[in-house]
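As structure tokens, the structure follows; a few thoughts come after it.
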Amino acid sequence: MPEGVYTAPLRRPDHVGEDWLEPAQTRYNGEEHAIWDALYARQLDVLPGRACTAFLQGLERLDLGRGGVPDFARLSSALDALTGWSVVPVPMLIPDHVFFWHLANRRFPAGNFIRTRDSFDYVQEPDVFHDVFGHVPMLTDPTYADYMQEYGRAGWKAMQHNRLKALGALYWYTVEFGLVQEAGGLRAYGAGILSGPREAVFALEAGSPNRIMLNVDRVMRTDYVIDDLQPTYFVVESFSDLFHQTVERDFDRLYRALGPGFTYANTAVIDVDDALHRGTLEYHLRGGRGSQAEPV
Ligand code: HBI
Ligand code: FE
């Protein structure tokens, strides 16, 4: 899950061009394929009943559980037939404007490397498991696939207004940590939740975090943390609601109204919020990651 907005220019490796794409997908060894299988099995122990229907259907349709790290060319041809997306290999976090450009062209930049056993629970930079397991299944849903392309297009406008951090907050609270309402209750669609070992339980069932209905203006003013469980999760009624709340927004006006920083702390519940659950914030008040705080 990336920092979101890079001010210092990232150093481009020699073997990638201006598009930051690797020439080919990594040829993984037996241990790397086994790490994928172990991560996959662990998530399937916890996600049924917690991941949204579109995600679980995407896992099935793309057959991500067939064994070993999935082949990007196979994923791209399956996705092309479904929603016109492809999966392209990148070596690392890439500059925002390049990332947005790929999304605007229905190309999802996926980490080419896979984590090691000693970084099994958490990787600072998105590896192939976070990206392909966490993000790619959602691209099989036509409405969500349209949202991701619109998000990429919005990136250009954010850059013109120097409001990338605000747009990064929208990505963070939807694409990475979003929740959606379904007939059976709240479900996760955010890749950061779906690809992590314990956030699905925390995000959906713990008393600690806030759960608030998504409002684009408000979320774009809300700070976020990249290296711990979220103190607040935002909920959409549906992906069509997410799409329309975003596409129908006049971002020029919104960016002009936004300050350069964030207005709301990530723990805040404000007067305009439709809060489904006001959290105790106990996990964060007791120190969060690194403390002995239980994610309750
Ligand atoms: N690079 N490889 C990679 N993956 C990302 O998710 C990513 C990125 N660069 C920038 C970026 N994300 C941000 O712009 C978004 O998270 C908002
Ligand atoms: Fe991600």
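By order of appearance in the structure tokens: chains A, B, ..., then residues from 1 within every chain, and ligands from 1 in the order shown.
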Restrict the calculation to only C-alpha atoms and all ligand atoms, then for each residue of chain A with any atom at most 9 Å from an atom of ligand 1 give the closest atom pair and their distance in Å to one decimal, rows by chain and rising residue number, as CSV.
residue,atom,partner,partner_atom_place_in_ligand_line,distance
A:Met1,CA,ligand 1,6 (O),6.0
A:Pro2,CA,ligand 1,16 (O),5.2
A:Glu3,CA,ligand 1,16 (O),6.8
A:Gly4,CA,ligand 1,13 (C),4.1
A:Val5,CA,ligand 1,14 (O),5.8
A:Tyr6,CA,ligand 1,10 (C),7.5
A:Pro89,CA,ligand 1,2 (N),8.7
A:Val90,CA,ligand 1,2 (N),6.1
A:Pro91,CA,ligand 1,2 (N),7.3
A:Met92,CA,ligand 1,2 (N),5.1
A:Leu93,CA,ligand 1,1 (N),3.6
A:Ile94,CA,ligand 1,1 (N),4.0
A:Pro95,CA,ligand 1,9 (N),5.2
A:Asp96,CA,ligand 1,10 (C),4.1
A:His97,CA,ligand 1,14 (O),7.2
A:Val98,CA,ligand 1,9 (N),7.6
A:Phe99,CA,ligand 1,9 (N),5.3
A:Phe100,CA,ligand 1,14 (O),6.7
A:Phe108,CA,ligand 1,4 (N),8.7
A:Pro109,CA,ligand 1,2 (N),5.8
A:Ala110,CA,ligand 1,2 (N),6.1
A:Gly111,CA,ligand 1,2 (N),5.9
A:Glu125,CA,ligand 1,2 (N),7.6
A:Pro126,CA,ligand 1,4 (N),6.1
A:Asp127,CA,ligand 1,2 (N),8.3
A:Asp131,CA,ligand 1,6 (O),7.6
A:Gly152,CA,ligand 1,14 (O),8.9
A:Gly155,CA,ligand 1,14 (O),7.9
A:Leu164,CA,ligand 1,14 (O),7.7
A:Lys165,CA,ligand 1,17 (C),7.8
A:Leu167,CA,ligand 1,17 (C),6.6
A:Gly168,CA,ligand 1,17 (C),4.0
A:Ala169,CA,ligand 1,17 (C),7.3
A:Leu170,CA,ligand 1,17 (C),7.9
A:Tyr171,CA,ligand 1,17 (C),5.3
A:Trp172,CA,ligand 1,16 (O),6.7
A:Val175,CA,ligand 1,16 (O),8.6
A:Glu176,CA,ligand 1,16 (O),8.1
Include C-alpha atoms and write out the residues we just selected as a PDB file, in the first residue's frame.
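As written to disk, again-v1.pdb reads:
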ATOM      1  CA  MET A   1       0.000   0.000   0.000  1.00  0.00           C
ATOM      2  CA  PRO A   2       1.845   3.129  -1.117  1.00  0.00           C
ATOM      3  CA  GLU A   3       2.566   6.370   0.661  1.00  0.00           C
ATOM      4  CA  GLY A   4       0.294   7.951  -1.876  1.00  0.00           C
ATOM      5  CA  VAL A   5       2.030  11.092  -3.037  1.00  0.00           C
ATOM      6  CA  TYR A   6       5.666  11.408  -3.923  1.00  0.00           C
ATOM      7  CA  PRO A  89       4.519  -5.703 -14.194  1.00  0.00           C
ATOM      8  CA  VAL A  90       6.272  -2.867 -12.341  1.00  0.00           C
ATOM      9  CA  PRO A  91       9.468  -3.118 -10.275  1.00  0.00           C
ATOM     10  CA  MET A  92       8.384  -0.944  -7.344  1.00  0.00           C
ATOM     11  CA  LEU A  93       6.219   2.024  -6.364  1.00  0.00           C
ATOM     12  CA  ILE A  94       6.044   4.205  -9.464  1.00  0.00           C
ATOM     13  CA  PRO A  95       5.493   7.968  -9.708  1.00  0.00           C
ATOM     14  CA  ASP A  96       1.904   9.077  -9.217  1.00  0.00           C
ATOM     15  CA  HIS A  97       1.501  10.543 -12.680  1.00  0.00           C
ATOM     16  CA  VAL A  98       2.704   7.296 -14.319  1.00  0.00           C
ATOM     17  CA  PHE A  99       0.423   5.246 -12.086  1.00  0.00           C
ATOM     18  CA  PHE A 100      -2.586   7.417 -13.007  1.00  0.00           C
ATOM     19  CA  PHE A 108      -3.196  -2.141 -13.619  1.00  0.00           C
ATOM     20  CA  PRO A 109       0.474  -1.832 -12.521  1.00  0.00           C
ATOM     21  CA  ALA A 110       1.206  -4.887 -10.359  1.00  0.00           C
ATOM     22  CA  GLY A 111       4.294  -5.517  -8.280  1.00  0.00           C
ATOM     23  CA  GLU A 125       5.650  -1.678  -1.009  1.00  0.00           C
ATOM     24  CA  PRO A 126       2.891  -3.522  -2.899  1.00  0.00           C
ATOM     25  CA  ASP A 127       4.133  -6.939  -4.001  1.00  0.00           C
ATOM     26  CA  ASP A 131      -1.728  -6.249  -6.113  1.00  0.00           C
ATOM     27  CA  GLY A 152      -6.782   7.447 -13.142  1.00  0.00           C
ATOM     28  CA  GLY A 155      -5.195  11.984 -11.300  1.00  0.00           C
ATOM     29  CA  LEU A 164      -2.567  14.731  -5.263  1.00  0.00           C
ATOM     30  CA  LYS A 165      -2.667  14.108  -1.524  1.00  0.00           C
ATOM     31  CA  LEU A 167      -6.940  12.314  -4.345  1.00  0.00           C
ATOM     32  CA  GLY A 168      -4.622   9.858  -2.605  1.00  0.00           C
ATOM     33  CA  ALA A 169      -6.959   9.940   0.417  1.00  0.00           C
ATOM     34  CA  LEU A 170      -9.901   9.001  -1.831  1.00  0.00           C
ATOM     35  CA  TYR A 171      -7.880   6.052  -3.196  1.00  0.00           C
ATOM     36  CA  TRP A 172      -6.870   5.056   0.313  1.00  0.00           C
ATOM     37  CA  VAL A 175      -9.577   1.194  -3.392  1.00  0.00           C
ATOM     38  CA  GLU A 176      -7.348   0.220  -0.443  1.00  0.00           C
TER      39      GLU A 176
END
Fill in: Non-local contacts of range 140-142 of chain A (8 Å; only C-alpha atoms; under 4 positions in same chain excluded) as a PyMOL selection string
chain A and resi 54+58+79+82-83+136+146
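Residue nearest ligand 2, chosen from A:Thr267, A:Thr246, A:Ser195, A:Gln292 and counting only C-alpha atoms and all ligand atoms: A:Ser195.
Among the candidates A:Ile226, A:Val219, A:Gln160, A:Gly30, the residue lying nearest to ligand 2 is A:Ile226 (atoms considered: only C-alpha atoms and all ligand atoms).
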Item to complete: Would you list, as a count of residues only, the residues of range 1-179 of chain A that end up in strand (DSSP E or B) under DSSP run on this structure's backbone?
Response: 12
Worksheet item: Which one of A:Thr232, A:Asn210, A:Ser86, A:Gln43 sits closest to Gly134 in chain A if you count only C-alpha atoms?
Response: A:Gln43
Discussion item. Counting only C-alpha atoms and all ligand atoms, which residue out of A:Leu179, A:Leu59, A:Leu194, A:Met159 sits closest to ligand 2?
Written reply: A:Leu194
Neighbour list for Arg74 in chain A as a JSON list (two decimals) with N, CA, C and O atoms, in the first residue's frame, cut-off 12 Å, only C-alpha atoms, skip fewer than 5 positions in-chain:
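Ended up saving to around.json:
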[["chain", "number", "residue", "atom", "x", "y", "z"],
["A", 25, "GLN", "N", 7.28, -10.52, -16.82],
["A", 25, "GLN", "CA", 6.95, -10.92, -15.44],
["A", 25, "GLN", "C", 8.08, -11.80, -14.89],
["A", 25, "GLN", "O", 8.72, -12.55, -15.63],
["A", 61, "ARG", "N", -13.46, -16.36, -11.12],
["A", 61, "ARG", "CA", -13.43, -16.20, -12.59],
["A", 61, "ARG", "C", -11.99, -16.15, -13.10],
["A", 61, "ARG", "O", -11.69, -16.59, -14.19],
["A", 62, "LEU", "N", -11.09, -15.60, -12.29],
["A", 62, "LEU", "CA", -9.68, -15.52, -12.71],
["A", 62, "LEU", "C", -8.88, -16.71, -12.21],
["A", 62, "LEU", "O", -7.69, -16.82, -12.49],
["A", 63, "ASP", "N", -9.54, -17.58, -11.45],
["A", 63, "ASP", "CA", -8.91, -18.83, -11.01],
["A", 63, "ASP", "C", -7.56, -18.57, -10.33],
["A", 63, "ASP", "O", -6.55, -19.21, -10.63],
["A", 64, "LEU", "N", -7.56, -17.60, -9.40],
["A", 64, "LEU", "CA", -6.29, -17.21, -8.76],
["A", 64, "LEU", "C", -5.79, -18.27, -7.79],
["A", 64, "LEU", "O", -4.67, -18.19, -7.29],
["A", 69, "VAL", "N", 2.02, -18.31, -8.40],
["A", 69, "VAL", "CA", 1.77, -16.91, -8.75],
["A", 69, "VAL", "C", 1.11, -16.88, -10.14],
["A", 69, "VAL", "O", 1.64, -17.46, -11.09],
["A", 79, "LEU", "N", -9.17, -10.74, -18.25],
["A", 79, "LEU", "CA", -9.73, -9.43, -17.89],
["A", 79, "LEU", "C", -10.16, -8.66, -19.13],
["A", 79, "LEU", "O", -11.17, -7.95, -19.12],
["A", 80, "ASP", "N", -9.38, -8.80, -20.21],
["A", 80, "ASP", "CA", -9.71, -8.05, -21.43],
["A", 80, "ASP", "C", -11.11, -8.40, -21.91],
["A", 80, "ASP", "O", -11.92, -7.56, -22.27],
["A", 81, "ALA", "N", -11.43, -9.69, -21.81],
["A", 81, "ALA", "CA", -12.75, -10.15, -22.27],
["A", 81, "ALA", "C", -13.86, -9.65, -21.33],
["A", 81, "ALA", "O", -14.99, -9.44, -21.74],
["A", 85, "TRP", "N", -9.47, -4.59, -19.05],
["A", 85, "TRP", "CA", -8.26, -4.29, -18.27],
["A", 85, "TRP", "C", -7.14, -5.26, -18.58],
["A", 85, "TRP", "O", -7.38, -6.36, -19.08],
["A", 86, "SER", "N", -5.90, -4.82, -18.27],
["A", 86, "SER", "CA", -4.75, -5.73, -18.33],
["A", 86, "SER", "C", -3.92, -5.51, -17.08],
["A", 86, "SER", "O", -4.10, -4.52, -16.36],
["A", 87, "VAL", "N", -3.06, -6.47, -16.79],
["A", 87, "VAL", "CA", -2.16, -6.40, -15.63],
["A", 87, "VAL", "C", -0.74, -6.30, -16.16],
["A", 87, "VAL", "O", -0.32, -7.14, -16.97],
["A", 88, "VAL", "N", -0.01, -5.27, -15.73],
["A", 88, "VAL", "CA", 1.35, -5.03, -16.25],
["A", 88, "VAL", "C", 2.35, -5.01, -15.09],
["A", 88, "VAL", "O", 2.06, -4.49, -14.02]]
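Shortest separation to ligand 2 among A:Ser208, A:Tyr151, A:Asn105, A:His135 occurs at residue A:His135, atoms counted being only C-alpha atoms and all ligand atoms.
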Discussion item. Which residues are close to Ala166 in chain A, i.e. within 12 Å by only C-alpha atoms, leaving aside same-chain residues fewer than 2 positions away? Reply as a ChimeraX atom specification.
Written reply: /A:4-5,154-155,157-159,161-164,168-173,216-224,251,254-264
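Remark: for ligand 2, the closest of the candidate residues A:Thr26, A:Gln124, A:Thr116, A:Ser77 is A:Gln124 (distances computed over only C-alpha atoms and all ligand atoms).
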Worksheet item: Counting only C-alpha atoms, what is within 9 Å of Asp19 in chain A, bar same-chain residues fewer than 2 positions away, as a PyMOL selection string?
Response: chain A and resi 16-17+21-22+98-99+101-102
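Neighbouring residues of Gln149 in chain A at 8 Å or closer, counting only C-alpha atoms and skipping chain neighbours under 5 positions away, are Leu103, Ala104, Asn105 and Arg106 of chain A.
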How about saving the chosen residues, N, CA, C and O atoms kept, as a PDB file, in the first residue's frame?
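Written out: part01.pdb:
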ATOM      1  N   LEU A 103      -3.698   3.616 -15.128  1.00  0.00           N
ATOM      2  CA  LEU A 103      -5.105   3.360 -14.757  1.00  0.00           C
ATOM      3  C   LEU A 103      -6.052   3.980 -15.791  1.00  0.00           C
ATOM      4  O   LEU A 103      -7.043   3.373 -16.191  1.00  0.00           O
ATOM      5  N   ALA A 104      -5.711   5.167 -16.255  1.00  0.00           N
ATOM      6  CA  ALA A 104      -6.583   5.850 -17.227  1.00  0.00           C
ATOM      7  C   ALA A 104      -6.666   5.064 -18.534  1.00  0.00           C
ATOM      8  O   ALA A 104      -7.604   5.226 -19.311  1.00  0.00           O
ATOM      9  N   ASN A 105      -5.678   4.172 -18.755  1.00  0.00           N
ATOM     10  CA  ASN A 105      -5.668   3.330 -19.965  1.00  0.00           C
ATOM     11  C   ASN A 105      -6.017   1.874 -19.649  1.00  0.00           C
ATOM     12  O   ASN A 105      -5.648   0.961 -20.388  1.00  0.00           O
ATOM     13  N   ARG A 106      -6.647   1.649 -18.503  1.00  0.00           N
ATOM     14  CA  ARG A 106      -7.102   0.323 -18.077  1.00  0.00           C
ATOM     15  C   ARG A 106      -5.971  -0.698 -17.979  1.00  0.00           C
ATOM     16  O   ARG A 106      -6.137  -1.875 -18.291  1.00  0.00           O
TER      17      ARG A 106
END
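Secondary structure of range 159-189 of chain A, alpha helix (DSSP H) only (DSSP, backbone atoms): Met159, Gln160, Leu164, Lys165, Ala166, Leu167, Gly168, Ala169, Leu170 and Tyr171 of chain A.
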Just to be explicit: take each residue in the selection above, keep N, CA and C atoms, and write the result as a JSON list (two decimals), in the first residue's frame.
[["chain", "number", "residue", "atom", "x", "y", "z"],
["A", 159, "MET", "N", -3.21, 16.70, -10.35],
["A", 159, "MET", "CA", -1.85, 17.22, -10.50],
["A", 159, "MET", "C", -1.89, 18.69, -10.94],
["A", 160, "GLN", "N", -2.82, 18.99, -11.86],
["A", 160, "GLN", "CA", -2.90, 20.39, -12.32],
["A", 160, "GLN", "C", -3.20, 21.33, -11.14],
["A", 164, "LEU", "N", -2.74, 16.18, -5.18],
["A", 164, "LEU", "CA", -2.57, 14.73, -5.26],
["A", 164, "LEU", "C", -2.84, 14.06, -3.93],
["A", 165, "LYS", "N", -2.48, 14.76, -2.83],
["A", 165, "LYS", "CA", -2.67, 14.11, -1.52],
["A", 165, "LYS", "C", -4.16, 13.90, -1.25],
["A", 166, "ALA", "N", -4.96, 14.86, -1.68],
["A", 166, "ALA", "CA", -6.42, 14.73, -1.47],
["A", 166, "ALA", "C", -6.95, 13.55, -2.28],
["A", 167, "LEU", "N", -6.47, 13.43, -3.52],
["A", 167, "LEU", "CA", -6.94, 12.31, -4.34],
["A", 167, "LEU", "C", -6.40, 10.99, -3.79],
["A", 168, "GLY", "N", -5.19, 11.07, -3.23],
["A", 168, "GLY", "CA", -4.62, 9.86, -2.61],
["A", 168, "GLY", "C", -5.49, 9.39, -1.44],
["A", 169, "ALA", "N", -6.08, 10.32, -0.71],
["A", 169, "ALA", "CA", -6.96, 9.94, 0.42],
["A", 169, "ALA", "C", -8.20, 9.22, -0.11],
["A", 170, "LEU", "N", -8.72, 9.67, -1.25],
["A", 170, "LEU", "CA", -9.90, 9.00, -1.83],
["A", 170, "LEU", "C", -9.53, 7.57, -2.22],
["A", 171, "TYR", "N", -8.34, 7.40, -2.82],
["A", 171, "TYR", "CA", -7.88, 6.05, -3.20],
["A", 171, "TYR", "C", -7.77, 5.20, -1.94]]
When you look at Arg115 in chain A with a cut-off of 12 Å (counting only C-alpha atoms), what residues show up, excluding the ones that are within fewer than 4 positions of it in the same chain? I need them as an mmCIF file with N, CA and C atoms, in the first residue's frame.
data_model
loop_
_atom_site.group_PDB
_atom_site.id
_atom_site.type_symbol
_atom_site.label_atom_id
_atom_site.label_comp_id
_atom_site.auth_asym_id
_atom_site.auth_seq_id
_atom_site.Cartn_x
_atom_site.Cartn_y
_atom_site.Cartn_z
ATOM 1 N N TYR A 28 9.141 -16.975 -11.228
ATOM 2 C CA TYR A 28 9.249 -17.270 -9.803
ATOM 3 C C TYR A 28 9.791 -18.677 -9.591
ATOM 4 N N GLU A 31 9.930 -21.794 -4.170
ATOM 5 C CA GLU A 31 9.646 -21.183 -2.852
ATOM 6 C C GLU A 31 8.715 -19.981 -3.027
ATOM 7 N N GLU A 32 8.912 -19.214 -4.085
ATOM 8 C CA GLU A 32 8.057 -18.032 -4.309
ATOM 9 C C GLU A 32 6.619 -18.449 -4.635
ATOM 10 N N HIS A 33 6.486 -19.486 -5.446
ATOM 11 C CA HIS A 33 5.131 -20.003 -5.726
ATOM 12 C C HIS A 33 4.493 -20.534 -4.437
ATOM 13 N N ALA A 34 5.326 -21.142 -3.596
ATOM 14 C CA ALA A 34 4.792 -21.693 -2.325
ATOM 15 C C ALA A 34 4.349 -20.570 -1.395
ATOM 16 N N ILE A 35 5.060 -19.444 -1.436
ATOM 17 C CA ILE A 35 4.659 -18.286 -0.601
ATOM 18 C C ILE A 35 3.304 -17.770 -1.074
ATOM 19 N N TRP A 36 3.107 -17.677 -2.401
ATOM 20 C CA TRP A 36 1.792 -17.267 -2.919
ATOM 21 C C TRP A 36 0.709 -18.222 -2.392
ATOM 22 N N ALA A 38 0.663 -20.141 0.208
ATOM 23 C CA ALA A 38 0.439 -20.028 1.661
ATOM 24 C C ALA A 38 -0.354 -18.761 1.986
ATOM 25 N N LEU A 39 -0.021 -17.676 1.301
ATOM 26 C CA LEU A 39 -0.765 -16.419 1.512
ATOM 27 C C LEU A 39 -2.219 -16.585 1.059
ATOM 28 N N VAL A 69 2.021 -18.313 -8.395
ATOM 29 C CA VAL A 69 1.766 -16.914 -8.748
ATOM 30 C C VAL A 69 1.115 -16.883 -10.135
ATOM 31 N N GLY A 111 2.939 -5.205 -8.725
ATOM 32 C CA GLY A 111 4.294 -5.517 -8.280
ATOM 33 C C GLY A 111 4.748 -6.837 -8.884
ATOM 34 N N SER A 119 8.808 -11.377 5.640
ATOM 35 C CA SER A 119 7.928 -10.202 5.548
ATOM 36 C C SER A 119 6.526 -10.674 5.174
ATOM 37 N N PHE A 120 6.195 -11.866 5.674
ATOM 38 C CA PHE A 120 4.965 -12.557 5.257
ATOM 39 C C PHE A 120 3.704 -11.753 5.590
ATOM 40 N N ASP A 121 3.717 -11.091 6.755
ATOM 41 C CA ASP A 121 2.485 -10.418 7.207
ATOM 42 C C ASP A 121 2.316 -9.002 6.670
ATOM 43 N N TYR A 122 3.435 -8.384 6.314
ATOM 44 C CA TYR A 122 3.281 -6.985 5.909
ATOM 45 C C TYR A 122 4.435 -6.559 5.026
ATOM 46 N N VAL A 123 4.087 -5.970 3.871
ATOM 47 C CA VAL A 123 5.126 -5.419 2.997
ATOM 48 C C VAL A 123 4.865 -3.914 2.852
ATOM 49 N N GLN A 124 5.918 -3.149 2.927
ATOM 50 C CA GLN A 124 5.786 -1.688 2.807
ATOM 51 C C GLN A 124 5.390 -1.315 1.375
ATOM 52 N N GLU A 125 5.986 -1.973 0.396
ATOM 53 C CA GLU A 125 5.650 -1.678 -1.009
ATOM 54 C C GLU A 125 4.768 -2.804 -1.534
ATOM 55 N N PRO A 126 3.818 -2.485 -2.416
ATOM 56 C CA PRO A 126 2.891 -3.522 -2.899
ATOM 57 C C PRO A 126 3.604 -4.596 -3.710
ATOM 58 N N ASP A 127 3.539 -5.825 -3.242
ATOM 59 C CA ASP A 127 4.133 -6.939 -4.001
ATOM 60 C C ASP A 127 3.045 -7.601 -4.838
ATOM 61 N N VAL A 128 3.399 -8.657 -5.554
ATOM 62 C CA VAL A 128 2.444 -9.289 -6.474
ATOM 63 C C VAL A 128 1.239 -9.839 -5.718
ATOM 64 N N PHE A 129 1.422 -10.227 -4.427
ATOM 65 C CA PHE A 129 0.245 -10.750 -3.720
ATOM 66 C C PHE A 129 -0.722 -9.620 -3.375
ATOM 67 N N HIS A 130 -0.193 -8.515 -2.850
ATOM 68 C CA HIS A 130 -1.084 -7.389 -2.536
ATOM 69 C C HIS A 130 -1.826 -6.943 -3.798
ATOM 70 N N ASP A 131 -1.101 -6.796 -4.902
ATOM 71 C CA ASP A 131 -1.728 -6.249 -6.113
ATOM 72 C C ASP A 131 -2.616 -7.234 -6.841
#
